[in-house]
Amino acid sequence: MLYFSRKKFTLKTKNKIMKITLGLAFLAISGLSILSAYGQEKRFYMPSEIKQAYDNGTRSFDGKPGPDYWQNMVDYQIQVKIDPESKMISGEEEVVYHNSSPNELNTLIVRLYMDAYKKGNSRSSIINPKDIDDGVELTGVKINGIEFDLSNRDKVRQSGTNITFTLDKPLKSGESLTFNVFWKQKIPVHTRIRTGAYDSTSFFVAYWYPQIAVYDDLFGWDRLNYTLRTEFYNNLGNYDVEITVPDNFLVWATGNFNNASEVLPAPIHERFTRAKSSQDVVHIVTSEDIRNGFRSLTNTWHYTASEVSDFAFAMSDHYVWDAVVQPIGNRNIFISSAYSMEMDTVASYTGHTAIQQKAMKHFSEDMPGVPYPYEAFTTFIAKGGGGMEYPMMANNGGPGRGVTIHEMFHMYFPMYVRVNERRWAWMDEGWAQYMTALVTNRYFEDDHELAKVFARINPGATMGTIADLPLITSSQFLTGSNYGYASYSLPATIYAIIHQHLGEALFKTCYQEYIRRWAKKSPTPYDFFYTFENVSGQDLSWIWKPWFFEFGVADVAIQSYEKGKLVVNNIGNKPVPIFVEIIYNNDSSKRISKSAEIWKDGNKIVEIAIPDYENMKKISINNGVADVNIINNFYPSVRSLYKNVDLSADIMGRYQPEQFPVKINIIEDDGLIYIKIPEFRIDRVIYPKDKENFVSLDGSVNLKFDVDESGKCSGVEIIFIGGFVVNAEKLGVDQ
């Protein structure tokens, strides 16, 4: 799509006027909407900070970085020592901060993330009271060799997790300064934010060093506090880190392990060297090595990483180490897994490295089809739930395939494409959610049906509630009620809609170009919008405006069906594709799909011809696709499905899962049967395939009730999409 910026567009000759007029006419004939000659976005809202960036030439309306784009770089040299017994980190660092902005900087803002645990500071999450302390203790600070008195409030001001230094001399454009600091802090016991002590001698250490805040072309200094909810937005930097630990500990970290020959005993170093070129998994450190009393030759581990946005490390005295390489082009990417020696015979752990290897291959070669951009990747598998990404590192609460793929994809977003998660978490979490579903379906389960991907990412019950805010809302204003919805499943659904609309080849071309343009840079949502429009040649505001800027819902319904003519009504204002699934009398099936573009021009009704309609048994539309009311998406109606099966009334009631201290409720309400798990925000209509087997309307949950010949129900097996299984026992009425 063509756009003209205010700076670049001038008319000097009749020939130029003629050329531009013809160009505009061509685009108009093509049905494309263009911005005005003054570079103003009139199709949807643009905040003043972002508009100013386009006016200043740091962003372009074609989606590329502007001719005057800039970003500041940071070089870190850090020495840190960990005392496992006291859980104390003691460190010193020298930081060189390069001012590439056009502005003089009078202040320097430094983040102290672990001050999120400091007494009196605000938090968005409950933490272990043992972790509330005095936060990060700075024992010495120099800027350009001048020591700062931390008690001088004219020069040093601390607020939340940020500390601001007033510079004695402004840092001019093109110049650099040196920041030296000594500090110490505790490793938290609390691991909900995926950093801390997982047991007495296993730690994942993140957010652990004084870090220069981002100064960018949109907001200037990033002054947002870290409150344990929104994630991160960091400078591009180079890291040289030395980590000193007791000699019976292993260390895994961001980047290259530079002194392996000095640290690892000869037999282990030989396996490490072999793993660096092996496409078969090598067990570098085994449980036998640990039982035999592993000791490093020196207890300082040296790692370096170039042009990354953060640095994290993990350590343990009883974790084993598996590794393999995945060839990407002419490079061998070193892939590692670290997990407790107690799990070295459990298949999901021992097979974890191969899953990483396969995921990296398909990310690099298939979707998004951009070569993995770094030299290594390590997953530290601790206990707990969820996962968290860092450059070339993941801290996962288990070896599950889904979390493994999800966290690895984060190496593209927000690591390689440095999106601002503090403002727009959906720009990385949404992509990770969507790519995890897509790659899992296609390359792990050999299912290339795009409609199936929608069911994996269905945004659920938040849509249409008061917590359902337009996605352009800055993530800092979200809460526990809507952060996950707005950051993960909802944007993943929109990416799926775009994919289905553009088709495989064009979507992939747009996506790859977006990644290439913004690699190691920081795009806004508008840079994403404009890149996809520019590359596709389409005005996609009919997607952007309702999905990102407006309140409302997705809601399609079967209005009528007669003699092979299905009439679908778009009740909502959010455009979604139409997937029609037809089941015939012989139980064969057929799927018909329509792009969300059918609603582009304000259409509210679409007619779809059903083939071989004389033999049709039932029809459903948009199973698994975002829809605020899926009860009206079936023909015959959902209620009629219950009439054809002899159901046992005893399936109703409460069930106790083996795995979780929650209750599962199966209830009947207004002729419909629901599964409700309030703690997991699950509230879905289920319908019978037969007297024992049920499926939710959105296809995300399958249930098999254990019903005997008398109709007595003793339990249920619940299989969630992705293969997660829960077994639950039926409770009595007084339980």
# chains A, B, ... in the order shown; residues from 1 in each chain; ligands from 1
>>> residues_around(residues="Val156 (chain A)", least_positions_apart="4", cutoff="10 Å", atoms="only C-alpha atoms", output="list in words")
Thr107, Leu108, Ile109, Phe148, Asp149, Leu150, Ser151, Asn152, Ile163, Thr164, Phe165, Thr166 and Leu167 of chain A
>>> select_by_dssp(residues="region 188-316 of chain A", states="alpha helix (DSSP H)", output="PyMOL selection string")
chain A and resi 260-263+266-275+287-291
>>> write_last_selection(atoms="C-alpha atoms", output="JSON list (two decimals), in the first residue's frame")
[["chain", "number", "residue", "atom", "x", "y", "z"],
["A", 260, "ALA", "CA", 34.19, -24.72, 28.80],
["A", 261, "SER", "CA", 37.68, -26.26, 28.62],
["A", 262, "GLU", "CA", 38.67, -24.41, 31.81],
["A", 263, "VAL", "CA", 35.49, -25.36, 33.72],
["A", 266, "ALA", "CA", 37.94, -33.80, 30.65],
["A", 267, "PRO", "CA", 35.30, -36.57, 30.20],
["A", 268, "ILE", "CA", 32.45, -34.08, 30.44],
["A", 269, "HIS", "CA", 34.21, -31.57, 28.20],
["A", 270, "GLU", "CA", 34.63, -34.32, 25.60],
["A", 271, "ARG", "CA", 30.85, -34.91, 25.62],
["A", 272, "PHE", "CA", 30.22, -31.16, 25.46],
["A", 273, "THR", "CA", 32.49, -30.91, 22.40],
["A", 274, "ARG", "CA", 30.79, -33.90, 20.79],
["A", 275, "ALA", "CA", 27.34, -32.41, 21.41],
["A", 287, "SER", "CA", 22.95, -38.48, 37.09],
["A", 288, "GLU", "CA", 25.91, -40.83, 37.47],
["A", 289, "ASP", "CA", 28.33, -37.90, 37.11],
["A", 290, "ILE", "CA", 26.48, -36.08, 39.89],
["A", 291, "ARG", "CA", 26.37, -39.11, 42.19]]
>>> select_by_dssp(residues="region 524-713 of chain A", states="strand (DSSP E or B)", output="VMD selection string")
chain A and resid 556 to 562 565 to 570 578 to 584 589 to 594 605 to 609 616 to 621 634 to 635 653 to 657 664 to 669 672 to 677 682 to 688 693 to 696 701 to 707 713
>>> closest_residue(among="A:Met315, A:Ala116, A:Ile558, A:Cys713", to="Thr201 (chain A)", atoms="only C-alpha atoms")
A:Met315
>>> closest_residue(among="A:Leu469, A:Val346, A:Ala314, A:Leu438", to="Ile457 (chain A)", atoms="only C-alpha atoms")
A:Leu438
>>> residues_around(residues="Lys604 (chain A)", least_positions_apart="5", cutoff="12 Å", atoms="only C-alpha atoms", output="number ranges by chain")
A: 555-559, 567-576, 596-599
>>> write_last_selection(atoms="C-alpha atoms", output="mmCIF file, in the first residue's frame")
data_model
loop_
_atom_site.group_PDB
_atom_site.id
_atom_site.type_symbol
_atom_site.label_atom_id
_atom_site.label_comp_id
_atom_site.auth_asym_id
_atom_site.auth_seq_id
_atom_site.Cartn_x
_atom_site.Cartn_y
_atom_site.Cartn_z
ATOM 1 C CA ASP A 555 -21.141 -13.400 16.932
ATOM 2 C CA VAL A 556 -22.396 -15.279 13.907
ATOM 3 C CA ALA A 557 -25.541 -17.396 13.887
ATOM 4 C CA ILE A 558 -27.479 -19.725 11.647
ATOM 5 C CA GLN A 559 -30.475 -17.623 10.707
ATOM 6 C CA VAL A 567 -28.261 -18.406 5.760
ATOM 7 C CA VAL A 568 -25.689 -17.067 8.239
ATOM 8 C CA ASN A 569 -26.238 -13.805 10.072
ATOM 9 C CA ASN A 570 -23.368 -11.681 11.432
ATOM 10 C CA ILE A 571 -24.843 -10.320 14.658
ATOM 11 C CA GLY A 572 -21.580 -8.935 16.051
ATOM 12 C CA ASN A 573 -19.218 -6.258 14.770
ATOM 13 C CA LYS A 574 -15.954 -8.253 14.722
ATOM 14 C CA PRO A 575 -15.334 -9.959 11.367
ATOM 15 C CA VAL A 576 -14.586 -13.683 11.558
ATOM 16 C CA ALA A 596 -13.759 -12.903 7.100
ATOM 17 C CA GLU A 597 -13.670 -10.549 4.112
ATOM 18 C CA ILE A 598 -17.288 -11.520 3.408
ATOM 19 C CA TRP A 599 -18.242 -8.961 6.094
#
>>> residues_around(residues="Phe477 (chain A)", least_positions_apart="5", cutoff="10 Å", atoms="only C-alpha atoms", output="ChimeraX atom specification")
/A:230,422-423,469,482-483
>>> atom_distance(atom1="CA of Val417 (chain A)", atom2="CA of Pro523 (chain A)")
7.6 Å
>>> residues_around(residues="region 616-619 of chain A", least_positions_apart="3", cutoff="6 Å", atoms="only C-alpha atoms", output="ChimeraX atom specification")
/A:581-585,613,634-635
>>> residues_around(residues="Asp706 (chain A)", least_positions_apart="4", cutoff="9 Å", atoms="only C-alpha atoms", output="PyMOL selection string")
chain A and resi 651+692+712-717
>>> write_last_selection(atoms="N, CA and C atoms", output="JSON list (two decimals), in the first residue's frame")
[["chain", "number", "residue", "atom", "x", "y", "z"],
["A", 651, "ILE", "N", -25.12, -38.21, 35.60],
["A", 651, "ILE", "CA", -23.87, -37.53, 35.22],
["A", 651, "ILE", "C", -23.83, -36.12, 35.81],
["A", 692, "GLU", "N", -22.32, -41.78, 26.90],
["A", 692, "GLU", "CA", -21.15, -41.61, 27.76],
["A", 692, "GLU", "C", -20.19, -40.54, 27.29],
["A", 712, "LYS", "N", -25.70, -45.44, 36.86],
["A", 712, "LYS", "CA", -24.94, -44.81, 37.94],
["A", 712, "LYS", "C", -23.59, -44.33, 37.38],
["A", 713, "CYS", "N", -23.26, -43.04, 37.68],
["A", 713, "CYS", "CA", -22.00, -42.46, 37.20],
["A", 713, "CYS", "C", -21.01, -42.39, 38.36],
["A", 714, "SER", "N", -19.78, -42.88, 38.13],
["A", 714, "SER", "CA", -18.77, -42.88, 39.19],
["A", 714, "SER", "C", -17.62, -41.91, 38.93],
["A", 715, "GLY", "N", -17.52, -41.40, 37.71],
["A", 715, "GLY", "CA", -16.41, -40.48, 37.43],
["A", 715, "GLY", "C", -16.43, -40.02, 35.98],
["A", 716, "VAL", "N", -15.45, -39.21, 35.64],
["A", 716, "VAL", "CA", -15.35, -38.68, 34.28],
["A", 716, "VAL", "C", -13.89, -38.49, 33.91],
["A", 717, "GLU", "N", -13.59, -38.76, 32.67],
["A", 717, "GLU", "CA", -12.28, -38.45, 32.09],
["A", 717, "GLU", "C", -12.47, -37.25, 31.17]]
>>> residues_around(residues="Gly671 (chain A)", least_positions_apart="3", cutoff="10 Å", atoms="only C-alpha atoms", output="list in words")
Val638, Arg639, Ser640, Tyr642, Glu668 and Tyr674 of chain A
>>> write_last_selection(atoms="N, CA and C atoms", output="tab-separated table (two decimals), in the first residue's frame")
chain	number	residue	atom	x	y	z
A	638	VAL	N	-29.01	-27.17	19.23
A	638	VAL	CA	-28.26	-27.90	20.26
A	638	VAL	C	-29.20	-28.70	21.15
A	639	ARG	N	-30.31	-28.10	21.55
A	639	ARG	CA	-31.23	-28.79	22.46
A	639	ARG	C	-31.75	-30.08	21.85
A	640	SER	N	-31.90	-30.07	20.54
A	640	SER	CA	-32.42	-31.27	19.89
A	640	SER	C	-31.41	-32.42	19.92
A	642	TYR	N	-29.78	-33.47	22.45
A	642	TYR	CA	-29.96	-34.27	23.66
A	642	TYR	C	-31.10	-35.27	23.51
A	668	GLU	N	-27.26	-28.94	34.50
A	668	GLU	CA	-28.24	-28.69	33.43
A	668	GLU	C	-28.91	-27.35	33.70
A	674	TYR	N	-23.83	-28.12	30.98
A	674	TYR	CA	-22.60	-27.33	31.04
A	674	TYR	C	-21.54	-28.05	31.85
